[in-house]
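Undergrad: What follows is a structure written as structure tokens; I'll ask about it next.
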Amino acid sequence: MAEVGAEDLRVISFTALKRARRTLEDFALSYFPLHGLDLKDYIHHQHIFNFVEGLIYQTDDANEAMCLQEDKAHGQDFKHEGHKVLKDVLRGRHLLSDEVDKMLAQGDEYWRLERKICESLKLSAHFLKNSATTGFSLQEAQSASKMKSFDYRVLHCILHQVFTKSRSQLMMEFLELDEQLLDIGDDLVDYEEDVIKNSFNIYRAYLYLYGADGGLKLAEYIAELEETRDTLLIQLPDDIQMAVTFRQKEAATKPGSDKWIIPAPIFNEAEFRNSQQTSSGSS
């Protein structure tokens, strides 16, 4: 029997592809115009981008499942078969550059931090009663938040190679901040769901570290990120600024999507999870 190549292995679920759809749509609409590309260009190469993002979400699903386990998730050796397949496929298509490999390593570090942080969050009986010695630091929480959108950076690096586009360090720095702010916005919207799933959420981390002051401290951090992002934006070429501004206005059509809304804090997450399980079980 002939040996099965990496490109022939079945490693992506329908659920992972479904989760990847939103990111891929945003990536095509937001990033391709920055390089003078349109949806036709994306469609022509969508098999590559869909495969990469689908496998990243597949691995993310496996990591989140590990976060729900009772034992020490962050100490476990996390290996997912899709990770090796992804690298093998990219290598075979001459797309595994040093930069792509670096961004994939950033993903590994994000998943490690997610397991460590979420273990501490799950083990805490009450965020207002945490001891001075915490299971993770503010720096680790902020690092996880910065790395959470590593998939966008992987896709962007691949875009540079597929279309032989030059790489602007200033643009990459701006986009990294913009991606982080979008992720923080998602964290606030998905807050209760992330508590139930025990997934990384920077608001959860801030409440764990700061208790009742967590919301205020997070708002201050958001303001710092926005100020830095806006400073970088005005340094970009005019056409890039216009493309970014147009996409931001287009994405802000949903009511309240352009405003920061800090949800009511949940200090006893175990009690909240139990109440949600009880209500769902009785319905």
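Within each chain, counting starts at residue 1; across the structure tokens, chains are named A, B, ... in the order shown, with ligands numbered 1 upward in that order.
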Leaving out stretch 217-232 of chain A and any residue of its chain fewer than 2 positions from it, which residues lie within 6 Å of it when counting only C-alpha atoms, given as a list in words?

TA: Phe174, Leu177, Gly214, Gly215, Ile234 and Gln235 of chain A

Undergrad: Could you please take those selected residues and save all heavy atoms as a PDB file, in the first residue's frame?

TA:
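Saved to part_33.pdb:
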```pdb
ATOM      1  N   PHE A 174       0.832  47.455  13.804  1.00  0.00           N
ATOM      2  CA  PHE A 174      -0.515  48.016  13.935  1.00  0.00           C
ATOM      3  C   PHE A 174      -1.565  46.908  13.972  1.00  0.00           C
ATOM      4  O   PHE A 174      -2.461  46.911  14.825  1.00  0.00           O
ATOM      5  CB  PHE A 174      -0.815  48.965  12.774  1.00  0.00           C
ATOM      6  CG  PHE A 174      -2.283  49.281  12.650  1.00  0.00           C
ATOM      7  CD1 PHE A 174      -2.885  50.203  13.496  1.00  0.00           C
ATOM      8  CD2 PHE A 174      -3.074  48.634  11.703  1.00  0.00           C
ATOM      9  CE1 PHE A 174      -4.249  50.467  13.411  1.00  0.00           C
ATOM     10  CE2 PHE A 174      -4.432  48.896  11.607  1.00  0.00           C
ATOM     11  CZ  PHE A 174      -5.020  49.817  12.460  1.00  0.00           C
ATOM     12  N   LEU A 177      -1.900  44.951  17.261  1.00  0.00           N
ATOM     13  CA  LEU A 177      -2.674  45.667  18.281  1.00  0.00           C
ATOM     14  C   LEU A 177      -4.161  45.657  17.947  1.00  0.00           C
ATOM     15  O   LEU A 177      -5.007  45.465  18.821  1.00  0.00           O
ATOM     16  CB  LEU A 177      -2.182  47.109  18.398  1.00  0.00           C
ATOM     17  CG  LEU A 177      -0.969  47.355  19.283  1.00  0.00           C
ATOM     18  CD1 LEU A 177      -0.456  48.760  19.094  1.00  0.00           C
ATOM     19  CD2 LEU A 177      -1.306  47.094  20.740  1.00  0.00           C
ATOM     20  N   GLY A 214     -11.168  44.579  38.737  1.00  0.00           N
ATOM     21  CA  GLY A 214     -10.777  43.964  37.469  1.00  0.00           C
ATOM     22  C   GLY A 214     -11.320  44.677  36.251  1.00  0.00           C
ATOM     23  O   GLY A 214     -10.592  44.892  35.263  1.00  0.00           O
ATOM     24  N   GLY A 215     -12.589  45.065  36.286  1.00  0.00           N
ATOM     25  CA  GLY A 215     -13.190  45.753  35.152  1.00  0.00           C
ATOM     26  C   GLY A 215     -12.529  47.088  34.871  1.00  0.00           C
ATOM     27  O   GLY A 215     -12.250  47.444  33.721  1.00  0.00           O
ATOM     28  N   ILE A 234      -1.845  56.426  12.166  1.00  0.00           N
ATOM     29  CA  ILE A 234      -1.582  57.670  11.430  1.00  0.00           C
ATOM     30  C   ILE A 234      -0.197  57.678  10.785  1.00  0.00           C
ATOM     31  O   ILE A 234       0.100  58.569   9.970  1.00  0.00           O
ATOM     32  CB  ILE A 234      -1.739  58.908  12.341  1.00  0.00           C
ATOM     33  CG1 ILE A 234      -0.740  58.862  13.511  1.00  0.00           C
ATOM     34  CG2 ILE A 234      -3.159  59.021  12.859  1.00  0.00           C
ATOM     35  CD1 ILE A 234      -0.783  60.108  14.393  1.00  0.00           C
ATOM     36  N   GLN A 235       0.635  56.683  11.114  1.00  0.00           N
ATOM     37  CA  GLN A 235       1.949  56.571  10.479  1.00  0.00           C
ATOM     38  C   GLN A 235       1.905  55.731   9.206  1.00  0.00           C
ATOM     39  O   GLN A 235       2.870  55.703   8.435  1.00  0.00           O
ATOM     40  CB  GLN A 235       2.960  55.957  11.460  1.00  0.00           C
ATOM     41  CG  GLN A 235       3.196  56.779  12.711  1.00  0.00           C
ATOM     42  CD  GLN A 235       4.156  56.100  13.675  1.00  0.00           C
ATOM     43  OE1 GLN A 235       5.234  55.648  13.289  1.00  0.00           O
ATOM     44  NE2 GLN A 235       3.768  56.015  14.935  1.00  0.00           N
TER      45      GLN A 235
END
```

Undergrad: Show me a table, sorted first by chain and then by increasing residue number, of the residues of stretch 146-191 of chain A having an atom at most 10 Å from stretch 38-58 of chain A, each with its shortest atom pair and the distance in Å to one decimal, counting only C-alpha atoms and written as a tab-separated table.

TA:
```
residue	atom	partner	partner_atom	distance
A:Phe150	CA	A:Ile56	CA	9.7
A:Asp151	CA	A:Glu53	CA	6.9
A:Tyr152	CA	A:Glu53	CA	8.7
A:Val154	CA	A:Val52	CA	8.5
A:Leu155	CA	A:Phe49	CA	6.6
A:His156	CA	A:Phe49	CA	9.6
A:Ile158	CA	A:Phe49	CA	8.2
A:Leu159	CA	A:Phe49	CA	8.7
A:Val162	CA	A:His45	CA	8.3
A:Phe163	CA	A:Asp41	CA	9.0
```

Undergrad: Which residue gives the smallest distance to A:Ala125 among A:Leu37, A:Ala270, A:Met171, A:Ile202, with only C-alpha atoms counted?

TA: A:Ala270

Undergrad: Enumerate the residues of stretch 133-232 of chain A with a DSSP assignment of helix (DSSP H, G or I), computed from the backbone, and present them as number ranges by chain.

TA: A: 138-147, 150-162, 169-189, 191-197, 202-232

Undergrad: Which residues are near A:Ala141? Cut-off 9 Å, only C-alpha atoms, ignore same chain within fewer than 4 positions. Put them as a compact mmCIF listing (two decimals) with all heavy atoms, in the first residue's frame.

TA:
```
# COMPACT_ATOMS: atom_id res chain seq x y z
N LEU A 113 -0.24 28.79 27.72
CA LEU A 113 -0.70 29.78 28.69
C LEU A 113 -2.19 29.62 28.97
O LEU A 113 -2.63 29.81 30.12
CB LEU A 113 -0.41 31.20 28.18
CG LEU A 113 1.04 31.67 28.29
CD1 LEU A 113 1.23 33.01 27.58
CD2 LEU A 113 1.47 31.77 29.75
N GLU A 114 -2.98 29.31 27.97
CA GLU A 114 -4.41 29.11 28.19
C GLU A 114 -4.63 27.99 29.20
O GLU A 114 -5.45 28.12 30.12
CB GLU A 114 -5.13 28.79 26.88
CG GLU A 114 -6.63 28.55 27.11
CD GLU A 114 -7.40 28.29 25.83
OE1 GLU A 114 -6.89 27.55 24.97
OE2 GLU A 114 -8.52 28.82 25.71
N ILE A 117 -3.43 29.30 32.75
CA ILE A 117 -4.31 30.33 33.32
C ILE A 117 -5.67 29.75 33.67
O ILE A 117 -6.22 30.00 34.75
CB ILE A 117 -4.45 31.51 32.34
CG1 ILE A 117 -3.11 32.26 32.25
CG2 ILE A 117 -5.56 32.46 32.77
CD1 ILE A 117 -3.04 33.29 31.14
N PHE A 136 -0.88 32.69 38.09
CA PHE A 136 -0.32 33.28 36.88
C PHE A 136 -0.16 34.79 37.11
O PHE A 136 -0.75 35.36 38.03
CB PHE A 136 -1.20 33.02 35.66
CG PHE A 136 -2.60 33.58 35.77
CD1 PHE A 136 -2.89 34.87 35.34
CD2 PHE A 136 -3.63 32.81 36.30
CE1 PHE A 136 -4.17 35.38 35.44
CE2 PHE A 136 -4.91 33.32 36.41
CZ PHE A 136 -5.19 34.61 35.98
N SER A 137 0.63 35.42 36.28
CA SER A 137 0.92 36.84 36.45
C SER A 137 0.13 37.68 35.45
O SER A 137 -0.42 37.17 34.47
CB SER A 137 2.42 37.09 36.22
OG SER A 137 2.76 36.84 34.87
N SER A 145 -3.28 37.26 25.75
CA SER A 145 -4.20 38.10 24.98
C SER A 145 -3.55 38.55 23.67
O SER A 145 -4.19 38.55 22.61
CB SER A 145 -4.60 39.32 25.82
OG SER A 145 -5.41 40.20 25.08
N LYS A 146 -2.27 38.91 23.72
CA LYS A 146 -1.56 39.35 22.51
C LYS A 146 -1.41 38.22 21.51
O LYS A 146 -1.48 38.43 20.29
CB LYS A 146 -0.17 39.88 22.89
CG LYS A 146 -0.18 41.18 23.66
CD LYS A 146 1.24 41.57 24.09
CE LYS A 146 1.23 42.83 24.95
NZ LYS A 146 2.59 43.17 25.45
N PHE A 200 -9.79 30.62 27.82
CA PHE A 200 -9.09 31.86 28.17
C PHE A 200 -9.95 33.06 27.79
O PHE A 200 -10.52 33.15 26.71
CB PHE A 200 -7.75 31.98 27.45
CG PHE A 200 -7.11 33.32 27.67
CD1 PHE A 200 -6.50 33.63 28.88
CD2 PHE A 200 -7.16 34.32 26.69
CE1 PHE A 200 -5.95 34.88 29.10
CE2 PHE A 200 -6.61 35.57 26.90
CZ PHE A 200 -6.00 35.85 28.12
N ASN A 201 -10.00 34.00 28.70
CA ASN A 201 -10.73 35.26 28.51
C ASN A 201 -10.03 36.29 29.38
O ASN A 201 -9.91 36.10 30.59
CB ASN A 201 -12.20 35.08 28.93
CG ASN A 201 -13.05 36.30 28.69
OD1 ASN A 201 -12.77 37.37 29.21
ND2 ASN A 201 -14.12 36.12 27.91
N ILE A 202 -9.56 37.37 28.77
CA ILE A 202 -8.74 38.32 29.53
C ILE A 202 -9.54 38.98 30.66
O ILE A 202 -8.98 39.35 31.70
CB ILE A 202 -8.11 39.37 28.61
CG1 ILE A 202 -7.00 40.11 29.38
CG2 ILE A 202 -9.16 40.31 28.03
CD1 ILE A 202 -6.11 40.97 28.52
N ALA A 205 -9.31 36.77 33.57
CA ALA A 205 -7.98 36.87 34.17
C ALA A 205 -7.85 38.12 35.02
O ALA A 205 -7.29 38.09 36.12
CB ALA A 205 -6.92 36.85 33.07
N TYR A 206 -8.37 39.25 34.55
CA TYR A 206 -8.29 40.50 35.30
C TYR A 206 -9.12 40.43 36.58
O TYR A 206 -8.71 40.97 37.62
CB TYR A 206 -8.74 41.68 34.43
CG TYR A 206 -7.58 42.38 33.75
CD1 TYR A 206 -6.88 41.75 32.73
CD2 TYR A 206 -7.17 43.65 34.13
CE1 TYR A 206 -5.80 42.37 32.10
CE2 TYR A 206 -6.11 44.29 33.52
CZ TYR A 206 -5.42 43.64 32.50
OH TYR A 206 -4.35 44.26 31.88
```

Undergrad: Excluding A:Gln161 and its own-chain neighbours fewer than 2 positions away, which residues fall within 10 Å of it when counting only C-alpha atoms? Please give them as a list in words.

TA: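 Everything that qualifies: His94, Leu95, Leu96, Ser97, Val100, His156, Cys157, Ile158, Leu159, Phe163, Thr164, Lys165, Ser166 and Arg167 of chain A.
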
Undergrad: Let me see the file: selected residues, C-alpha atoms, as a compact mmCIF listing (two decimals), in the first residue's frame.

TA:
```txt
# COMPACT_ATOMS: atom_id res chain seq x y z
CA HIS A 94 7.22 25.95 0.25
CA LEU A 95 5.09 28.08 2.56
CA LEU A 96 6.67 27.18 5.91
CA SER A 97 8.90 30.24 6.13
CA VAL A 100 5.22 31.34 9.58
CA HIS A 156 -1.06 37.04 6.79
CA CYS A 157 2.45 35.64 6.49
CA ILE A 158 1.17 33.02 4.06
CA LEU A 159 -0.59 35.76 2.07
CA PHE A 163 1.12 36.73 -3.63
CA THR A 164 4.81 37.75 -3.22
CA LYS A 165 3.86 40.85 -1.27
CA SER A 166 6.43 42.86 0.70
CA ARG A 167 6.13 42.84 4.47
```

Undergrad: Rank A:Val11, A:Leu236, A:Lys87, A:Gln248 by their smallest atom-to-atom distance to A:Gln169, using only C-alpha atoms, and report the top residue only.

TA: A:Leu236

Undergrad: Report, in Å to a single decimal, how far apart atom CA of A:Gln142 and atom CA of A:Asp183 are.

TA: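 Atom CA of A:Gln142 lies at a distance of 11.9 Å from atom CA of A:Asp183.
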
Undergrad: Of the candidates A:Val85, A:Ile12, A:Leu209, A:Val244, which shows the shortest atom-to-atom distance to A:Gly135, using only C-alpha atoms?

TA: A:Leu209

Undergrad: One decimal, in Å: what's the spacing between atom CA of A:Ala65 and atom CA of A:Trp111?

TA: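 We find that atom CA of A:Ala65 and atom CA of A:Trp111 lie 11.5 Å from each other.
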